[in-house]
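One file, structure_15.txt, carrying compact mmCIF, C-alpha atoms:
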```
# COMPACT_ATOMS: atom_id res chain seq x y z
CA MET A 1 110.40 92.31 83.42
CA ILE A 2 110.91 96.06 82.88
CA SER A 3 108.24 98.08 84.61
CA GLN A 4 106.54 101.15 83.22
CA ILE A 5 108.40 103.45 85.59
CA HIS A 6 111.79 102.02 84.60
CA GLN A 7 110.96 102.67 80.95
CA LEU A 8 109.93 106.21 81.82
CA LEU A 9 113.18 106.83 83.71
CA GLU A 10 115.29 105.46 80.84
CA SER A 11 113.46 107.63 78.32
CA GLY A 12 114.04 110.79 80.36
CA GLY A 13 110.34 111.24 81.11
CA PHE A 14 110.72 110.83 84.88
CA LYS A 15 112.57 113.94 86.03
CA ARG A 16 113.15 115.94 89.17
CA GLN A 17 110.58 118.62 89.91
CA ASP A 18 111.61 122.19 89.11
CA GLY A 19 112.64 124.15 92.20
CA LEU A 20 114.53 121.28 93.83
CA GLU A 21 117.83 121.88 92.02
CA ASN A 22 119.57 122.62 95.32
CA ILE A 23 119.28 118.94 96.26
CA ALA A 24 122.18 116.95 94.85
CA GLY A 25 121.96 113.49 93.26
CA ASP A 26 120.14 111.79 90.42
CA PHE A 27 116.89 110.56 92.00
CA PRO A 28 113.85 112.26 90.40
CA ILE A 29 112.28 113.63 93.58
CA ASP A 30 109.15 115.71 93.92
CA GLU A 31 107.89 118.13 96.56
CA ALA A 32 105.63 115.32 97.78
CA ILE A 33 108.70 113.44 99.03
CA VAL A 34 109.97 116.51 100.84
CA GLN A 35 106.58 116.91 102.52
CA LEU A 36 106.66 113.32 103.82
CA LEU A 37 109.92 113.98 105.65
CA SER A 38 110.11 115.74 108.99
CA THR A 39 110.33 119.52 108.83
CA SER A 40 113.43 119.25 111.05
CA PHE A 41 115.20 117.11 108.45
CA GLN A 42 117.31 118.98 105.88
CA LEU A 43 117.41 116.95 102.65
CA THR A 44 120.71 117.46 100.84
CA THR A 45 121.07 114.54 98.40
CA ALA A 46 118.73 112.12 96.63
CA ASP A 47 120.48 109.30 94.78
CA LEU A 48 119.23 106.34 92.79
CA TYR A 49 120.10 103.33 94.91
CA GLY A 50 119.60 99.58 94.65
CA LYS A 51 117.56 97.54 92.21
CA SER A 52 113.89 96.63 92.12
CA ASP A 53 111.95 94.98 89.31
CA PHE A 54 108.75 96.92 89.90
CA SER A 55 109.79 100.27 91.39
CA ILE A 56 112.54 102.88 91.30
CA THR A 57 114.50 102.98 94.56
CA GLY A 58 116.72 105.61 96.09
CA CYS A 59 118.58 106.89 99.12
CA LEU A 60 117.74 110.27 100.67
CA TRP A 61 120.62 111.87 102.58
CA GLY A 62 120.41 114.80 104.94
CA ILE A 63 120.87 116.29 108.39
CA ASP A 64 118.48 115.71 111.28
CA ALA A 65 117.47 118.14 114.05
CA ASN A 66 120.56 117.20 116.08
CA GLY A 67 122.95 117.93 113.23
CA ALA A 68 123.65 114.24 112.58
CA GLU A 69 123.64 112.59 109.18
CA LYS A 70 120.43 110.67 108.50
CA LYS A 71 119.37 108.49 105.56
CA TYR A 72 116.03 107.25 104.28
CA PHE A 73 115.09 104.68 101.65
CA VAL A 74 112.51 105.68 99.03
CA LYS A 75 110.52 103.76 96.42
CA CYS A 76 108.50 105.11 93.52
CA ALA A 77 106.07 103.24 91.28
CA MET A 78 103.66 104.31 88.57
CA GLY A 79 99.94 104.06 87.90
CA ASP A 80 97.09 102.54 89.85
CA GLU A 81 98.92 99.20 90.13
CA GLY A 82 102.09 100.87 91.39
CA GLY A 83 100.12 102.87 93.94
CA MET A 84 98.34 99.74 95.13
CA MET A 85 101.65 97.88 95.44
CA LEU A 86 103.39 100.63 97.45
CA LYS A 87 100.40 101.39 99.68
CA GLY A 88 100.11 97.68 100.41
CA ASP A 89 103.82 97.50 101.29
CA TYR A 90 103.54 100.61 103.49
CA THR A 91 100.50 99.27 105.36
CA SER A 92 102.06 95.81 105.66
CA LEU A 93 105.26 97.11 107.26
CA THR A 94 103.27 99.33 109.60
CA THR A 95 101.20 96.32 110.68
CA ILE A 96 104.29 94.14 111.21
CA GLN A 97 105.97 96.91 113.20
CA ASP A 98 102.98 97.08 115.53
CA ALA A 99 103.01 93.30 116.06
CA CYS A 100 106.76 92.72 116.18
CA PRO A 101 108.77 95.92 116.73
CA GLY A 102 112.19 96.02 115.12
CA LEU A 103 111.60 93.25 112.59
CA VAL A 104 110.98 95.73 109.74
CA PRO A 105 112.28 99.21 108.83
CA SER A 106 110.37 102.07 110.45
CA VAL A 107 107.91 103.52 107.96
CA ILE A 108 107.89 107.29 107.34
CA GLY A 109 105.06 107.84 104.88
CA TYR A 110 103.25 107.17 101.61
CA GLY A 111 102.06 109.72 99.05
CA SER A 112 101.73 110.72 95.41
CA TYR A 113 103.72 113.15 93.29
CA THR A 114 102.26 116.56 92.58
CA SER A 115 104.31 118.01 89.74
CA PRO A 116 103.27 117.86 86.05
CA PRO A 117 103.28 116.15 83.64
CA LEU A 118 102.98 112.93 85.63
CA GLY A 119 101.60 114.31 88.88
CA SER A 120 99.57 111.88 90.95
CA ASP A 121 100.38 108.98 88.61
CA ILE A 122 103.69 108.54 90.47
CA HIS A 123 103.50 107.16 94.00
CA SER A 124 106.19 107.10 96.69
CA PHE A 125 106.90 105.37 99.96
CA ILE A 126 109.65 106.24 102.45
CA GLU A 127 111.15 104.11 105.21
CA ASP A 128 114.27 104.22 107.36
CA PHE A 129 117.51 103.35 105.59
CA LEU A 130 119.02 100.38 107.40
CA ASN A 131 122.64 99.34 107.70
CA ILE A 132 122.51 95.71 106.64
CA SER A 133 125.17 93.09 106.13
CA LYS A 134 123.67 91.52 102.98
CA ASN A 135 124.01 88.15 104.72
CA MET A 136 121.29 85.68 105.57
CA PRO A 137 120.21 85.90 109.21
CA SER A 138 120.71 83.24 111.82
CA PRO A 139 118.06 80.53 111.35
CA ASP A 140 117.31 80.52 115.07
CA ARG A 141 116.94 84.31 115.35
CA LEU A 142 114.81 84.57 112.21
CA ALA A 143 112.59 81.71 113.37
CA LEU A 144 112.13 83.31 116.78
CA ARG A 145 111.08 86.67 115.30
CA LEU A 146 108.81 85.13 112.65
CA ALA A 147 107.04 83.00 115.24
CA GLU A 148 106.61 86.13 117.36
CA MET A 149 105.05 87.98 114.42
CA HIS A 150 102.75 85.05 113.65
CA ARG A 151 101.57 84.80 117.25
CA GLU A 152 101.31 88.50 118.06
CA GLY A 153 99.87 89.63 114.73
CA LYS A 154 96.19 89.11 115.48
CA SER A 155 93.31 89.65 113.08
CA LEU A 156 91.08 92.12 114.92
CA ASN A 157 87.89 90.65 113.47
CA GLY A 158 89.07 87.03 113.79
CA LYS A 159 88.90 86.50 110.02
CA PHE A 160 91.36 85.69 107.25
CA GLY A 161 92.21 88.55 104.87
CA PHE A 162 93.52 92.10 105.15
CA PRO A 163 92.02 95.61 105.30
CA LEU A 164 93.38 96.61 101.88
CA VAL A 165 94.89 94.95 98.83
CA THR A 166 98.52 93.85 99.12
CA CYS A 167 100.75 92.36 96.45
CA ASP A 168 103.21 89.55 95.83
CA GLY A 169 105.55 91.26 93.40
CA PRO A 170 103.19 93.27 91.18
CA LEU A 171 100.26 90.84 91.52
CA PRO A 172 97.44 91.67 93.94
CA HIS A 173 96.26 89.29 96.63
CA PRO A 174 92.51 88.75 96.95
CA VAL A 175 92.15 89.82 100.58
CA ALA A 176 88.37 89.98 101.14
CA TRP A 177 87.64 88.81 104.68
CA GLN A 178 86.71 85.14 105.05
CA SER A 179 85.59 83.31 108.18
CA ASP A 180 87.52 80.12 107.40
CA TRP A 181 90.96 79.37 106.03
CA PRO A 182 90.01 76.85 103.30
CA THR A 183 87.71 79.42 101.67
CA PHE A 184 90.34 82.15 101.78
CA PHE A 185 93.07 79.89 100.42
CA THR A 186 90.78 78.64 97.64
CA GLU A 187 90.22 82.20 96.43
CA LEU A 188 93.95 82.92 96.68
CA LEU A 189 94.92 79.83 94.67
CA ARG A 190 92.22 80.40 92.03
CA SER A 191 93.54 83.92 91.51
CA ARG A 192 97.04 82.59 90.77
CA VAL A 193 95.75 79.90 88.41
CA ARG A 194 93.85 82.59 86.52
CA MET A 195 96.81 85.02 86.42
CA ASP A 196 99.14 82.26 85.28
CA ALA A 197 96.81 81.38 82.39
CA GLU A 198 96.47 85.05 81.42
CA ALA A 199 100.25 85.50 81.35
CA CYS A 200 101.36 82.14 79.95
CA GLY A 201 98.41 80.92 77.91
CA PRO A 202 96.07 77.97 78.41
CA TRP A 203 97.28 74.60 79.67
CA PRO A 204 94.24 72.30 79.88
CA LYS A 205 95.89 69.66 82.06
CA LEU A 206 97.07 72.23 84.59
CA GLU A 207 93.56 73.70 84.68
CA LEU A 208 92.08 70.23 85.28
CA ALA A 209 94.59 69.50 88.02
CA ALA A 210 94.04 72.90 89.64
CA GLU A 211 90.28 72.37 89.74
CA GLN A 212 90.76 68.96 91.32
CA VAL A 213 93.08 70.47 93.92
CA VAL A 214 90.66 73.28 94.72
CA THR A 215 87.53 71.15 94.91
CA LYS A 216 88.93 67.92 96.37
CA VAL A 217 92.39 68.32 97.86
CA VAL A 218 91.91 71.65 99.65
CA PRO A 219 88.79 70.48 101.55
CA ARG A 220 90.56 67.26 102.49
CA LEU A 221 93.93 68.70 103.57
CA LEU A 222 92.81 71.98 105.08
CA GLY A 223 89.58 70.57 106.44
CA SER A 224 91.68 68.19 108.55
CA LEU A 225 93.12 71.19 110.38
CA GLU A 226 89.79 71.60 112.17
CA TRP A 227 89.23 67.92 112.88
CA ARG A 228 88.07 67.05 116.40
CA GLY A 229 87.41 70.64 117.33
CA SER A 230 90.82 72.04 116.44
CA SER A 231 90.88 75.48 114.84
CA ILE A 232 93.28 77.63 112.86
CA GLU A 233 93.69 81.18 114.12
CA PRO A 234 94.49 83.89 111.55
CA SER A 235 98.15 84.93 111.82
CA LEU A 236 99.81 87.97 110.30
CA ILE A 237 102.22 86.78 107.59
CA HIS A 238 104.71 88.72 105.49
CA GLY A 239 103.29 87.24 102.29
CA ASP A 240 106.44 87.21 100.12
CA LEU A 241 109.20 85.99 102.40
CA TRP A 242 112.11 84.76 100.31
CA GLY A 243 115.84 85.46 100.30
CA THR A 244 115.75 88.90 98.66
CA ASN A 245 113.34 90.22 101.31
CA VAL A 246 115.39 89.10 104.32
CA ASP A 247 118.68 90.43 105.67
CA THR A 248 120.75 90.91 108.81
CA LEU A 249 121.27 94.21 110.61
CA ASP A 250 124.71 95.26 111.81
CA SER A 251 123.47 94.23 115.26
CA GLY A 252 123.06 90.64 114.04
CA GLU A 253 119.27 90.77 114.27
CA PRO A 254 117.12 89.73 111.29
CA VAL A 255 115.13 92.26 109.29
CA ILE A 256 112.43 91.69 106.65
CA TYR A 257 110.91 94.10 104.11
CA ASP A 258 108.96 94.35 100.80
CA ALA A 259 105.90 92.82 102.42
CA GLY A 260 102.47 91.88 101.08
CA CYS A 261 100.71 90.93 104.29
CA TYR A 262 97.46 89.16 105.01
CA TYR A 263 96.09 87.11 107.91
CA ALA A 264 96.50 83.41 107.11
CA HIS A 265 97.41 80.02 108.50
CA ASN A 266 100.93 80.64 109.80
CA GLU A 267 102.28 77.69 107.75
CA MET A 268 101.38 79.62 104.58
CA GLU A 269 104.36 81.88 105.26
CA ILE A 270 106.92 79.19 104.50
CA GLY A 271 105.24 77.66 101.45
CA ILE A 272 107.46 79.95 99.38
CA TRP A 273 110.57 78.34 100.92
CA ARG A 274 109.83 75.26 98.80
CA VAL A 275 110.15 77.26 95.56
CA VAL A 276 113.26 76.60 93.48
CA PHE A 277 114.20 80.31 93.49
CA ALA A 278 113.95 80.56 97.29
CA GLN A 279 116.41 77.85 98.17
CA LYS A 280 118.34 79.78 100.83
CA LEU A 281 115.34 79.96 103.15
CA GLY A 282 114.34 76.52 101.93
CA ALA A 283 117.40 75.02 103.60
CA PRO A 284 116.56 72.51 106.36
CA ALA A 285 118.17 74.77 108.97
CA TYR A 286 115.54 77.51 108.44
CA ARG A 287 112.61 75.12 108.16
CA ASP A 288 113.60 73.14 111.24
CA ALA A 289 114.30 76.26 113.30
CA TYR A 290 110.87 77.65 112.47
CA LEU A 291 109.06 74.40 113.26
CA LYS A 292 110.86 74.28 116.59
CA GLN A 293 109.47 77.72 117.44
CA TYR A 294 106.03 77.09 115.92
CA PRO A 295 105.32 73.35 115.70
CA PRO A 296 103.21 72.02 112.80
CA ALA A 297 99.45 71.98 113.20
CA GLU A 298 97.71 68.65 113.59
CA PRO A 299 97.74 66.35 111.78
CA THR A 300 101.51 66.78 111.81
CA ARG A 301 102.02 63.89 109.36
CA GLU A 302 100.39 66.05 106.66
CA TRP A 303 102.62 69.09 107.23
CA ASP A 304 104.77 68.46 104.15
CA ASP A 305 101.70 67.99 101.96
CA ARG A 306 100.27 71.28 103.23
CA ASN A 307 103.63 72.93 102.54
CA ARG A 308 103.49 71.59 98.98
CA LEU A 309 99.91 72.85 98.63
CA TYR A 310 100.83 76.32 99.89
CA SER A 311 103.80 76.49 97.51
CA LEU A 312 101.41 76.29 94.53
CA LYS A 313 100.40 79.91 95.04
CA CYS A 314 104.04 80.98 95.09
CA ASN A 315 105.14 78.97 92.04
CA LEU A 316 102.20 80.20 89.97
CA ASN A 317 102.82 83.77 91.11
CA TRP A 318 106.39 83.50 89.79
CA SER A 319 105.15 82.03 86.52
CA ALA A 320 102.53 84.73 86.05
CA THR A 321 105.15 87.41 86.69
CA ASP A 322 107.84 85.91 84.45
CA PRO A 323 106.24 83.65 81.80
CA GLY A 324 108.31 80.73 80.59
CA ILE A 325 110.18 79.91 83.79
CA ILE A 326 110.13 76.42 85.26
CA THR A 327 107.88 77.18 88.24
CA ARG A 328 104.78 76.58 86.12
CA LYS A 329 105.87 72.99 85.42
CA ILE A 330 106.79 72.52 89.07
CA ALA A 331 103.37 73.77 90.20
CA TYR A 332 101.61 71.38 87.83
CA ASN A 333 103.79 68.49 88.98
CA ASP A 334 102.99 69.29 92.61
CA MET A 335 99.29 69.32 91.74
CA CYS A 336 99.72 65.86 90.20
CA PHE A 337 101.38 64.64 93.42
CA LEU A 338 98.56 65.96 95.60
CA CYS A 339 95.87 64.57 93.31
CA GLU A 340 97.51 61.13 93.20
CA LYS A 341 97.61 61.03 96.98
CA TYR A 342 94.26 62.57 97.88
CA ALA A 343 91.98 62.72 94.82
CA PRO A 344 93.20 60.66 91.81
CA LEU A 345 92.35 61.95 88.34
CA ASP A 346 93.05 59.88 85.22
CA THR A 347 93.12 62.84 82.83
CA ILE A 348 96.29 64.43 84.22
CA ASP A 349 99.92 63.26 84.24
CA LYS A 350 101.73 61.20 86.83
CA TYR A 351 103.89 62.96 89.40
CA ASP A 352 107.51 63.21 88.20
CA PRO A 353 110.16 63.31 90.98
CA SER A 354 112.67 64.83 88.58
CA LEU A 355 110.55 68.01 88.56
CA ASP A 356 110.38 68.22 92.34
CA PRO A 357 113.13 70.55 93.66
CA VAL A 358 112.86 69.02 97.13
CA VAL A 359 113.52 65.52 95.77
CA THR A 360 115.82 66.57 92.91
CA PRO A 361 117.87 69.64 93.89
CA GLY A 362 119.51 71.59 91.11
CA ILE A 363 116.60 71.63 88.63
CA VAL A 364 117.75 75.17 87.87
CA PRO A 365 120.79 77.00 89.28
CA PRO A 366 119.93 78.37 92.73
CA VAL A 367 119.31 82.12 92.71
CA VAL A 368 118.29 83.18 96.22
```
The structure in this file should be written as structure tokens.
Amino acid sequence: MISQIHQLLESGGFKRQDGLENIAGDFPIDEAIVQLLSTSFQLTTADLYGKSDFSITGCLWGIDANGAEKKYFVKCAMGDEGGMMLKGDYTSLTTIQDACPGLVPSVIGYGSYTSPPLGSDIHSFIEDFLNISKNMPSPDRLALRLAEMHREGKSLNGKFGFPLVTCDGPLPHPVAWQSDWPTFFTELLRSRVRMDAEACGPWPKLELAAEQVVTKVVPRLLGSLEWRGSSIEPSLIHGDLWGTNVDTLDSGEPVIYDAGCYYAHNEMEIGIWRVVFAQKLGAPAYRDAYLKQYPPAEPTREWDDRNRLYSLKCNLNWSATDPGIITRKIAYNDMCFLCEKYAPLDTIDKYDPSLDPVVTPGIVPPVV
């Protein structure tokens, strides 16, 4: 998917603001970016750097107050949706940093461009530039830090949700505060079913299965989490934690970024690890390391079914973002599995193990 801002850059419509010609490089910076940086930082170069599907990314080079070279990472996105996405990422990383220092890049600022003709329609977000190895982190170290974030990231009002809209890719999460997890998850899953249909077209059987899952399976599976007086506490989760959003610092410590946080059942975090495009984190070593640090909620025998349920949101999010990929079929097949087990429905198909990437690896070539 080519975003609006990528098209604008390719057409020559996204240019550097006049008056900043003394700064080398090819990134189209604006005075707003300069204002977000410390007054003691001398910006010398702004280069396009890296690749992102939904934003333009760059590296800002310069000299700090001590005369040492310093780098920052910058993102730009366009329009109300781009602003929402970047502000959500900025707020998410700030919230993670408060709960679990060092797990994310330090955030510098968020703002909007000022120069015509685009002006405030371009939004930017700056964070520290990290020296990373581009290798997957140690399962044990990542699990330890994630469990720390999930335990220390407390919802101040005790509810599930988030103070402002965050995104998974370009798609917004419904984050209105809810007192119980089943209600919040129901709204989240319904939003992805709707977005999938809008992007990919109607699929009556999927819609029937989704309604059965929402009205029958969710109350059964998630209601069991509060059986015999147990309760689920809202935990801060990253919200889009797959292989492209995880790396290893030169120090060997894990780092995560590109977040779309909300307060959820902690197990929601690793639903995405079941997705066919997230197979690196889906490896047993990562799952087992996490469950060692943060054991499954009771009833533990239903953990895998909850993991399958939580993966529905992620598979449908992928489908809605990139229509035609296999995750739509996988989501429907997982719905059929859950309905067969918890709320049978004659008008949908039977579960097919050949469409289950956990049972049948290699459905599509692994990506990340």
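Checking A:Leu338, A:Val74, A:Val213, A:Leu188 one by one against Tyr49 in chain A, counting only C-alpha atoms, you find the shortest gap at A:Val74.
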**Asked** From the list A:Gln212, A:Thr166, A:Thr114, A:Ser155, which residue is nearest Pro344 in chain A when using all atoms listed in the file?
**Response**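 Answer, going by the shortest atom-to-atom distance: A:Gln212.
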Which residues of range 189-234 of chain A come within 12 Å of range 158-165 of chain A, and for each one, what is the closest pair of atoms and their distance in Å to one decimal, counting all atoms listed in the file, sorted by chain and residue number, as CSV?
```
residue,atom,partner,partner_atom,distance
A:Ser231,CA,A:Gly158,CA,11.7
A:Ile232,CA,A:Phe160,CA,10.0
A:Glu233,CA,A:Gly158,CA,7.5
A:Pro234,CA,A:Phe160,CA,5.6
```
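CA of Thr321 in chain A is found 17.1 Å from CA of Leu86 in chain A.
Taking all atoms listed in the file, the non-local environment of Pro219 in chain A within 12 Å (same-chain residues fewer than 3 positions away omitted) comprises Asp180, Trp181, Pro182, Thr183, Phe184, Phe185, Thr186, Gln212, Val213, Val214, Thr215, Lys216, Leu222, Gly223, Ser224, Leu225, Glu226, Trp227, Arg306, Leu309, Tyr342 and Ala343 of chain A.
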**Message:** Is it possible to get the residues within 9 Å of (104.8, 119.4, 93.3) (coordinates as in the file, counting all atoms listed in the file) written as number ranges by chain?
**Reply:** A: 17-18, 30-32, 113-116, 119
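Closest to Val104 in chain A among A:Ala77, A:Ile29, A:Val217, A:Leu249 is A:Leu249, based on all atoms listed in the file.
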Once 8 Å is added on each side, what centre and edge lengths in Å to one decimal does the axis-aligned box around all listed atoms of range 330-336 of chain A have, as AutoDock Vina command-line options?
```
--center_x 103.0 --center_y 69.8 --center_z 90.2 --size_x 23.5 --size_y 23.9 --size_z 20.8
```
**Fill in**
Shortest contact to Ser38 in chain A, candidates A:Ala210, A:Cys100, A:Gln4, A:Ile108, atoms counted only C-alpha atoms, goes to A:Ile108
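You will find CA of Cys59 in chain A at 7.5 Å from CA of Phe129 in chain A.
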**Request:** Using all atoms listed in the file, find all polymer residues with an atom at most 12 Å away from the point (100.7, 107.8, 105.3); report them as a ChimeraX atom specification.
**Result:** /A:32-33,35-37,86-91,93-94,107-112,123-127
**Request:** Record the distance separating CA of Gly50 in chain A and CA of Asp64 in chain A, expressed in Å with one decimal.
**Result:** 23.2 Å
**Message:** Restricting the calculation to all atoms listed in the file: of A:Cys167, A:Cys76, A:Ala24, A:Ala99, which residue gets closest to Gly62 in chain A?
**Reply:**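 Of the candidates, the smallest distance to Gly62 in chain A is held by A:Ala24.
Look at Pro353 in chain A: the protein and nucleic acid residues within 12 Å of it, using all atoms listed in the file and passing over chain neighbours fewer than 5 places away, are Lys329, Ile330, Asn333, Asp334, Cys336, Phe337, Val358, Val359, Thr360, Pro361 and Ile363 of chain A.
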**Prompt:** From the set A:Gln97, A:Met149, A:Trp273, A:Phe54, which residue has the shortest atom-to-atom contact distance to Ala285 in chain A, counting all atoms listed in the file?
**Reply:** A:Trp273
**For Tyr286 in chain A: contacts at 9 Å, all atoms listed in the file, fewer than 5 positions along chain excluded, given as a ChimeraX atom specification** = /A:138-140,142-143,280-281,291
**Asked** Counting all atoms listed in the file, what is within 12 Å of Asn135 in chain A, bar same-chain residues fewer than 6 positions away, as a list in words?
**Response** Gly243, Thr244, Asn245, Val246, Asp247, Thr248, Leu249, Asp250, Gly252, Glu253, Pro254, Val255, Lys280 and Val368 of chain A
**Request:** Find the spatial neighbours of Asn317 in chain A, counting only C-alpha atoms, within a cut-off of 8 Å - ignore same-chain residues fewer than 2 positions away - and output them as a PyMOL selection string.
**Result:** chain A and resi 168+171+192+195-196+313-315+319-321
